[in-house]
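Q: Below: one structure in structure tokens.
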Amino acid sequence: MKKIKFLTLLFLILSIQACKKDNDKPINVNNIELNKGDKWIVIPSMKKYITNMEADINNFNGKEINDYKILSKKLQDNINQLTSNCTMSGKAHDELHKWLVPFIQKTNDFSEAKTITEAENIYSELKGSFEEFNYYFK
């Protein structure tokens, strides 16, 4: 009987550990690949705009629809700067593009949100997209 309890406990512990490892990796909805197991490097002249957007999202504490509109404008300004300063090429550029195109679309949807509930939902998606970005890029 003790052996069964021990094996059950061991199985539960191993199952929990397996779940924790899976939770470290975000859901890869954009099919981004790692660079031979490592993160892709985003060049500094582009990374600064992504860092600005992440900071704006993480520091956001909006209460009214206008607050969300202001954040949307900041994000759009950074996206414009990011895309106009794009000098990356090759596979790193292609993988970043897999993340950026859906992010731009979500930002466009965010700017068109009519209600706080709609804006909050899109805001959550935008915030979550940085988990994916930080897993695949540095």
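By convention in this document, the chains of the structure tokens carry letters A, B, ... by their order, each chain's residues are numbered from 1, and ligands are numbered from 1 in the order they are shown.
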I'd like the contact shell of Met46 in chain A - 10 Å cut-off, only C-alpha atoms, skipping same-chain residues fewer than 3 positions apart - returned as a PyMOL selection string.

A: chain A and resi 42-43+49-51+78-79+81-88

Q: Pick out the closest residue to Asn35 in chain A from this set: A:Tyr136, A:Lys106, A:Glu120, A:Asn66. Count only C-alpha atoms.

A: A:Tyr136

Q: To one decimal place in Å, what is the distance between CA of Phe133 in chain A and CA of Lys91 in chain A?

A: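 Computed distance, CA of Phe133 in chain A to CA of Lys91 in chain A, equals 15.3 Å.
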
Q: Pick out each residue of chain A that DSSP on the backbone tags as strand (DSSP E or B); I need them as an NGL selection string.

A: :A and (35 or 38 or 40 or 137)

Q: Since we have the selection now, will you write its residues out, keeping N, CA, C and O atoms, as a short mmCIF file (atom, residue, chain, number, x, y, z; two decimals), in the first residue's frame?

A:
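Contents of again_14.cif, as written:
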```cif
data_model
loop_
_atom_site.label_atom_id
_atom_site.label_comp_id
_atom_site.auth_asym_id
_atom_site.auth_seq_id
_atom_site.Cartn_x
_atom_site.Cartn_y
_atom_site.Cartn_z
N ASN A 35 16.29 30.47 -33.05
CA ASN A 35 17.53 30.46 -33.83
C ASN A 35 18.42 29.33 -33.32
O ASN A 35 19.26 29.54 -32.45
N ASP A 38 18.21 29.27 -29.72
CA ASP A 38 18.47 30.55 -29.07
C ASP A 38 17.49 31.61 -29.56
O ASP A 38 16.85 31.45 -30.60
N TRP A 40 16.41 35.14 -31.25
CA TRP A 40 16.88 35.98 -32.34
C TRP A 40 17.29 37.34 -31.79
O TRP A 40 16.66 37.85 -30.87
N PHE A 137 12.87 36.51 -28.94
CA PHE A 137 13.77 37.60 -29.36
C PHE A 137 14.47 38.25 -28.18
O PHE A 137 13.96 38.27 -27.07
#
```

Q: List as number ranges by chain the protein and nucleic acid residues near Thr117 in chain A, meaning an atom at most 12 Å away when only C-alpha atoms are counted, but skip any in the same chain fewer than 4 places from it.

A: A: 62-65, 68, 110, 113, 121-124

Q: Would you list, as a VMD selection string, the residues of range 29-131 of chain A that end up in alpha helix (DSSP H) under DSSP run on this structure's backbone?

A: chain A and resid 44 to 58 65 to 84 90 to 111 116 to 131

Q: Hey, can you check how far CA of Glu132 in chain A sits from CA of Asn80 in chain A?

A: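 We find that CA of Glu132 in chain A and CA of Asn80 in chain A lie 20.9 Å from each other.
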
Q: With distances taken over only C-alpha atoms, which of A:Ile57, A:Val29, A:Val101, A:Ala92 is nearest to Leu75 in chain A?

A: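 Of all the options, A:Ile57 lies closest to Leu75 in chain A.
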